[in-house]
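final_37.pdb (PDB, C-alpha atoms, pLDDT in the B column)
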MODEL        1
ATOM      1  CA  MET A  22      20.282 -38.914   7.244  1.00 41.00           C
ATOM      2  CA  SER A  23      16.976 -38.057   8.903  1.00 40.00           C
ATOM      3  CA  SER A  24      13.733 -37.430   7.063  1.00 40.00           C
ATOM      4  CA  LEU A  25      13.870 -33.746   8.116  1.00 38.00           C
ATOM      5  CA  ALA A  26      17.152 -33.046   6.355  1.00 41.00           C
ATOM      6  CA  PRO A  27      15.719 -32.725   2.788  1.00 36.00           C
ATOM      7  CA  ARG A  28      12.945 -30.422   4.048  1.00 34.00           C
ATOM      8  CA  THR A  29      15.486 -28.288   5.901  1.00 33.00           C
ATOM      9  CA  ARG A  30      17.620 -28.000   2.745  1.00 34.00           C
ATOM     10  CA  ILE A  31      14.534 -27.018   0.695  1.00 31.00           C
ATOM     11  CA  ALA A  32      13.564 -24.410   3.293  1.00 33.00           C
ATOM     12  CA  SER A  33      17.114 -23.046   3.292  1.00 33.00           C
ATOM     13  CA  LEU A  34      17.147 -22.919  -0.503  1.00 31.00           C
ATOM     14  CA  LEU A  35      13.768 -21.143  -0.631  1.00 31.00           C
ATOM     15  CA  GLY A  36      14.944 -18.720   2.037  1.00 33.00           C
ATOM     16  CA  ALA A  37      18.094 -17.980   0.042  1.00 31.00           C
ATOM     17  CA  LEU A  38      16.058 -17.449  -3.120  1.00 31.00           C
ATOM     18  CA  GLY A  39      13.757 -15.082  -1.262  1.00 33.00           C
ATOM     19  CA  ILE A  40      16.693 -13.031  -0.042  1.00 31.00           C
ATOM     20  CA  ALA A  41      18.225 -13.000  -3.535  1.00 29.00           C
ATOM     21  CA  THR A  42      14.916 -11.846  -5.010  1.00 27.00           C
ATOM     22  CA  VAL A  43      14.607  -8.998  -2.501  1.00 29.00           C
ATOM     23  CA  ALA A  44      18.233  -8.042  -3.121  1.00 29.00           C
ATOM     24  CA  SER A  45      17.740  -8.032  -6.907  1.00 27.00           C
ATOM     25  CA  PHE A  46      14.712  -5.718  -6.570  1.00 28.00           C
ATOM     26  CA  ALA A  47      16.761  -3.407  -4.378  1.00 33.00           C
ATOM     27  CA  ALA A  48      19.713  -3.516  -6.790  1.00 34.00           C
ATOM     28  CA  THR A  49      17.573  -2.622  -9.815  1.00 35.00           C
ATOM     29  CA  GLY A  50      16.238   0.507  -8.101  1.00 45.00           C
ATOM     30  CA  ILE A  51      12.576  -0.146  -8.872  1.00 47.00           C
ATOM     31  CA  VAL A  52      10.664   3.123  -8.639  1.00 52.00           C
ATOM     32  CA  HIS A  53       6.962   3.272  -7.840  1.00 61.00           C
ATOM     33  CA  ALA A  54       5.042   5.040 -10.597  1.00 75.00           C
ATOM     34  CA  ASP A  55       2.794   7.876  -9.460  1.00 86.00           C
ATOM     35  CA  PHE A  56       2.089  11.617  -9.565  1.00 92.00           C
ATOM     36  CA  ARG A  57       3.489  13.275  -6.446  1.00 93.00           C
ATOM     37  CA  VAL A  58       3.548  16.811  -5.126  1.00 94.00           C
ATOM     38  CA  CYS A  59       6.296  17.911  -2.765  1.00 94.00           C
ATOM     39  CA  ASN A  60       5.862  21.010  -0.640  1.00 94.00           C
ATOM     40  CA  ALA A  61       9.244  22.691  -0.093  1.00 93.00           C
ATOM     41  CA  THR A  62       7.637  25.592   1.807  1.00 93.00           C
ATOM     42  CA  GLN A  63       7.146  26.019   5.536  1.00 93.00           C
ATOM     43  CA  SER A  64       3.337  26.224   5.184  1.00 93.00           C
ATOM     44  CA  LEU A  65       0.467  23.789   4.755  1.00 95.00           C
ATOM     45  CA  VAL A  66      -0.599  23.703   1.083  1.00 95.00           C
ATOM     46  CA  GLY A  67      -3.897  22.591  -0.467  1.00 96.00           C
ATOM     47  CA  VAL A  68      -3.494  20.947  -3.892  1.00 96.00           C
ATOM     48  CA  ALA A  69      -5.946  20.188  -6.720  1.00 97.00           C
ATOM     49  CA  ILE A  70      -5.216  18.212  -9.889  1.00 96.00           C
ATOM     50  CA  GLY A  71      -6.887  18.094 -13.284  1.00 96.00           C
ATOM     51  CA  TYR A  72      -6.613  15.523 -16.056  1.00 94.00           C
ATOM     52  CA  ARG A  73      -8.470  13.987 -18.970  1.00 92.00           C
ATOM     53  CA  ALA A  74     -10.067  10.625 -18.203  1.00 88.00           C
ATOM     54  CA  GLN A  75     -12.018   8.333 -20.554  1.00 87.00           C
ATOM     55  CA  ALA A  76     -15.248  10.082 -19.537  1.00 87.00           C
ATOM     56  CA  GLY A  77     -13.783  13.571 -20.117  1.00 92.00           C
ATOM     57  CA  TRP A  78     -12.096  16.281 -18.045  1.00 95.00           C
ATOM     58  CA  LEU A  79     -11.881  15.874 -14.276  1.00 95.00           C
ATOM     59  CA  SER A  80     -10.588  18.129 -11.541  1.00 96.00           C
ATOM     60  CA  GLU A  81     -10.244  16.921  -7.986  1.00 96.00           C
ATOM     61  CA  GLY A  82      -8.888  18.040  -4.648  1.00 96.00           C
ATOM     62  CA  TRP A  83      -8.040  18.921  -1.969  1.00 96.00           C
ATOM     63  CA  TRP A  84      -4.937  17.116  -0.847  1.00 95.00           C
ATOM     64  CA  HIS A  85      -3.302  18.712   2.170  1.00 95.00           C
ATOM     65  CA  VAL A  86       0.472  18.645   1.848  1.00 95.00           C
ATOM     66  CA  GLU A  87       2.269  19.513   5.062  1.00 95.00           C
ATOM     67  CA  ALA A  88       5.363  21.743   5.056  1.00 94.00           C
ATOM     68  CA  SER A  89       8.515  19.999   3.821  1.00 94.00           C
ATOM     69  CA  SER A  90       6.683  16.824   2.813  1.00 94.00           C
ATOM     70  CA  CYS A  91       5.303  15.011  -0.241  1.00 95.00           C
ATOM     71  CA  LYS A  92       1.914  13.525  -1.088  1.00 94.00           C
ATOM     72  CA  THR A  93       0.931  11.070  -3.832  1.00 92.00           C
ATOM     73  CA  LEU A  94      -2.067  12.350  -5.794  1.00 92.00           C
ATOM     74  CA  ILE A  95      -2.268   9.532  -8.358  1.00 89.00           C
ATOM     75  CA  GLU A  96      -0.963   6.060  -7.555  1.00 89.00           C
ATOM     76  CA  GLY A  97       0.361   3.792 -10.279  1.00 83.00           C
ATOM     77  CA  PRO A  98       1.651   4.491 -13.790  1.00 84.00           C
ATOM     78  CA  LEU A  99       0.355   7.699 -15.330  1.00 85.00           C
ATOM     79  CA  SER A 100      -2.398   7.124 -17.877  1.00 84.00           C
ATOM     80  CA  SER A 101      -2.575  10.657 -19.307  1.00 86.00           C
ATOM     81  CA  ARG A 102       0.154  12.687 -20.931  1.00 88.00           C
ATOM     82  CA  TYR A 103      -1.021  16.035 -19.536  1.00 93.00           C
ATOM     83  CA  TYR A 104      -1.819  16.813 -15.909  1.00 93.00           C
ATOM     84  CA  TYR A 105      -2.831  20.158 -14.437  1.00 96.00           C
ATOM     85  CA  LEU A 106      -2.053  21.474 -10.974  1.00 96.00           C
ATOM     86  CA  TYR A 107      -3.377  24.267  -8.782  1.00 96.00           C
ATOM     87  CA  ALA A 108      -2.302  24.876  -5.182  1.00 95.00           C
ATOM     88  CA  GLU A 109      -2.969  27.373  -2.399  1.00 94.00           C
ATOM     89  CA  ASP A 110      -0.871  28.235   0.621  1.00 93.00           C
ATOM     90  CA  ALA A 111      -3.320  27.639   3.482  1.00 88.00           C
ATOM     91  CA  GLU A 112      -1.385  29.855   5.902  1.00 87.00           C
ATOM     92  CA  ARG A 113      -0.044  32.775   3.856  1.00 88.00           C
ATOM     93  CA  GLY A 114      -2.560  32.898   1.008  1.00 84.00           C
ATOM     94  CA  GLY A 115      -0.216  32.516  -1.984  1.00 88.00           C
ATOM     95  CA  ARG A 116      -1.165  30.452  -5.050  1.00 91.00           C
ATOM     96  CA  TRP A 117       0.563  28.253  -7.568  1.00 93.00           C
ATOM     97  CA  GLU A 118      -1.516  28.692 -10.692  1.00 93.00           C
ATOM     98  CA  GLY A 119      -1.439  28.678 -14.469  1.00 95.00           C
ATOM     99  CA  PRO A 120      -3.467  29.645 -17.544  1.00 96.00           C
ATOM    100  CA  VAL A 121      -5.750  26.581 -17.847  1.00 96.00           C
ATOM    101  CA  SER A 122      -9.182  27.143 -16.258  1.00 96.00           C
ATOM    102  CA  MET A 123     -10.837  24.321 -14.353  1.00 97.00           C
ATOM    103  CA  CYS A 124     -13.465  24.061 -11.618  1.00 97.00           C
ATOM    104  CA  VAL A 125     -12.694  23.807  -7.896  1.00 97.00           C
ATOM    105  CA  SER A 126     -14.746  23.807  -4.714  1.00 97.00           C
ATOM    106  CA  ASP A 127     -14.230  24.998  -1.151  1.00 94.00           C
ATOM    107  CA  ARG A 128     -14.549  21.420   0.112  1.00 95.00           C
ATOM    108  CA  GLU A 129     -13.199  18.083  -1.102  1.00 96.00           C
ATOM    109  CA  PHE A 130     -14.290  17.618  -4.720  1.00 96.00           C
ATOM    110  CA  LYS A 131     -14.211  15.562  -7.900  1.00 96.00           C
ATOM    111  CA  ILE A 132     -15.755  17.609 -10.706  1.00 97.00           C
ATOM    112  CA  ALA A 133     -16.485  16.395 -14.233  1.00 96.00           C
ATOM    113  CA  GLY A 134     -16.062  19.028 -16.937  1.00 96.00           C
ATOM    114  CA  THR A 135     -14.367  22.411 -17.079  1.00 95.00           C
ATOM    115  CA  SER A 136     -17.184  24.658 -18.276  1.00 94.00           C
ATOM    116  CA  ASP A 137     -19.909  26.587 -16.458  1.00 96.00           C
ATOM    117  CA  CYS A 138     -18.115  26.368 -13.114  1.00 96.00           C
ATOM    118  CA  PHE A 139     -20.075  29.222 -11.497  1.00 96.00           C
ATOM    119  CA  ALA A 140     -23.463  28.043 -12.842  1.00 96.00           C
ATOM    120  CA  ARG A 141     -22.792  24.608 -11.331  1.00 96.00           C
ATOM    121  CA  GLY A 142     -21.923  26.074  -7.908  1.00 96.00           C
ATOM    122  CA  PHE A 143     -18.129  25.882  -8.187  1.00 97.00           C
ATOM    123  CA  GLN A 144     -15.287  28.380  -8.479  1.00 97.00           C
ATOM    124  CA  ARG A 145     -12.866  28.692 -11.379  1.00 97.00           C
ATOM    125  CA  ALA A 146      -9.101  28.397 -10.856  1.00 97.00           C
ATOM    126  CA  GLY A 147      -6.090  28.585 -13.168  1.00 97.00           C
ATOM    127  CA  PHE A 148      -4.149  25.310 -13.364  1.00 96.00           C
ATOM    128  CA  GLN A 149      -0.562  24.881 -14.573  1.00 95.00           C
ATOM    129  CA  GLU A 150      -0.109  22.268 -17.337  1.00 94.00           C
ATOM    130  CA  TYR A 151       2.501  19.500 -17.093  1.00 93.00           C
ATOM    131  CA  ASP A 152       3.451  17.504 -20.173  1.00 92.00           C
ATOM    132  CA  THR A 153       4.656  14.236 -18.676  1.00 88.00           C
ATOM    133  CA  GLY A 154       5.486  12.826 -22.118  1.00 87.00           C
ATOM    134  CA  ASP A 155       5.925   9.073 -21.845  1.00 79.00           C
ATOM    135  CA  GLN A 156       6.977   9.149 -18.203  1.00 83.00           C
ATOM    136  CA  SER A 157       5.281   6.683 -15.863  1.00 84.00           C
ATOM    137  CA  SER A 158       5.944   8.865 -12.828  1.00 88.00           C
ATOM    138  CA  TRP A 159       6.037  12.624 -12.199  1.00 90.00           C
ATOM    139  CA  MET A 160       6.912  14.840  -9.254  1.00 91.00           C
ATOM    140  CA  VAL A 161       6.044  18.521  -8.839  1.00 93.00           C
ATOM    141  CA  GLN A 162       7.850  20.598  -6.240  1.00 93.00           C
ATOM    142  CA  LEU A 163       6.178  23.700  -4.810  1.00 93.00           C
ATOM    143  CA  THR A 164       8.648  26.323  -3.601  1.00 90.00           C
ATOM    144  CA  ASP A 165       8.687  29.834  -2.171  1.00 83.00           C
ATOM    145  CA  GLU A 166      11.194  30.981  -4.802  1.00 70.00           C
ATOM    146  CA  GLY A 167      10.116  32.881  -7.883  1.00 45.00           C
ATOM    147  CA  PRO A 168       8.142  35.954  -8.857  1.00 36.00           C
ATOM    148  CA  PRO A 169       5.323  37.273  -6.662  1.00 34.00           C
ATOM    149  CA  PRO A 170       3.123  35.941  -5.196  1.00 41.00           C
ATOM    150  CA  GLY A 171       6.352  34.193  -4.197  1.00 39.00           C
ATOM    151  CA  ALA A 172       5.738  30.786  -5.681  1.00 44.00           C
ATOM    152  CA  SER A 173       7.030  28.615  -8.466  1.00 46.00           C
ATOM    153  CA  ILE A 174       6.321  25.102  -9.666  1.00 52.00           C
ATOM    154  CA  THR A 175       8.818  22.700 -11.155  1.00 52.00           C
ATOM    155  CA  GLY A 176       8.140  19.183 -12.429  1.00 56.00           C
ATOM    156  CA  THR A 177      10.283  16.167 -13.134  1.00 58.00           C
ATOM    157  CA  GLY A 178       9.544  12.694 -14.393  1.00 56.00           C
ATOM    158  CA  THR A 179      11.023   9.218 -14.337  1.00 50.00           C
ATOM    159  CA  ARG A 180      10.636   6.424 -16.833  1.00 47.00           C
TER     160      ARG A 180
ENDMDL
END

Before anything else, please render the file you have as structure tokens.
Amino acid sequence: MSSLAPRTRIASLLGALGIATVASFAATGIVHADFRVCNATQSLVGVAIGYRAQAGWLSEGWWHVEASSCKTLIEGPLSSRYYYLYAEDAERGGRWEGPVSMCVSDREFKIAGTSDCFARGFQRAGFQEYDTGDQSSWMVQLTDEGPPPGASITGTGTR
């Protein structure tokens, strides 16, 4: 037996363990935790999100979500229970909105606080609330279906 044989066996064993580890991750169906928005329309959509952080309320945007695609807005497990979403159809002018007022800007933004939007040089927009409960991941799908202006929002979560 040569001196290389034990090393070769160790390398083979480590290689087999590596393959088994990858296979076990694939078999368990590990899901990445995040907050995603999927655009089921045929138009480019601009998306803003709002949430409560340790320092208080924040709204931020714009993420550009191409037609028939998804974009991750928050990576990693969700740290808040409630998230708020506002979106605009960049091509046809429709909106996905809700009753919760937060600040937005024409350009990329991260705004602390939800009051005095106009006095601080921002606009006010209505965000839709999502109660993610104890989910670590959440996905919102923007569609053309629904009441005028022809838009609806649905959300789903995974543990």

*Cut-off 10 Å around (-12.1, 19.5, -1.8) with only C-alpha atoms: residues as a PyMOL selection string*: chain A and resi 67-69+80-85+125-132

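Those residues returned by the PyMOL selection byres ((chain A and resi 98) around 9) for this file are His53, Ala54, Asp55, Phe56, Ile95, Glu96, Gly97, Leu99, Ser100, Gln156, Ser157 and Ser158 of chain A.
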
*If the PyMOL selection byres ((chain A and resi 87) around 12) is run on the structure shown, which residues does it catch, given as a count of residues only?*
23

*Distance atom CA of A:Gln75-atom CA of A:Gly134, one decimal place?*
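Value for the atom CA of A:Gln75-atom CA of A:Gly134 distance: 12.0 Å.
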
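For stretch 117-122 of chain A, the set of protein, DNA and RNA residues having any atom at most 6 Å away, when counting all atoms listed in the file and skipping those fewer than 4 positions along the same chain, is A:Tyr107, A:Ala108, A:Ala146, A:Gly147, A:Phe148, A:Gln149.
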
*A:Arg57, A:Glu109, A:Trp78, A:Tyr72: which is nearest A:Ser136, counting all atoms listed in the file?*
A:Trp78

Hey, can I get the axis-aligned box for stretch 69-75 of chain A? All listed atoms, 6 Å padding on each side, centre and edge lengths in Å to one decimal, as AutoDock Vina command-line options.
--center_x -8.6 --center_y 14.3 --center_z -13.6 --size_x 18.8 --size_y 23.9 --size_z 25.8

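In this structure, atom CA of A:Leu106 sits 13.0 Å away from atom CA of A:Thr93.
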
_Separation of atom CA of A:Trp159 from atom CA of A:Met123, in Å and rounded to one decimal_ = 20.6 Å

*Which one is closest to A:Asp152: A:Ile70, A:Tyr105, A:Leu94, A:Leu79? Count all atoms listed in the file.*
A:Tyr105

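Comparing A:Gly71, A:Gly114, A:Thr153, A:Gln162 by their smallest distance to A:Arg102, the closest is A:Thr153 (using all atoms listed in the file).
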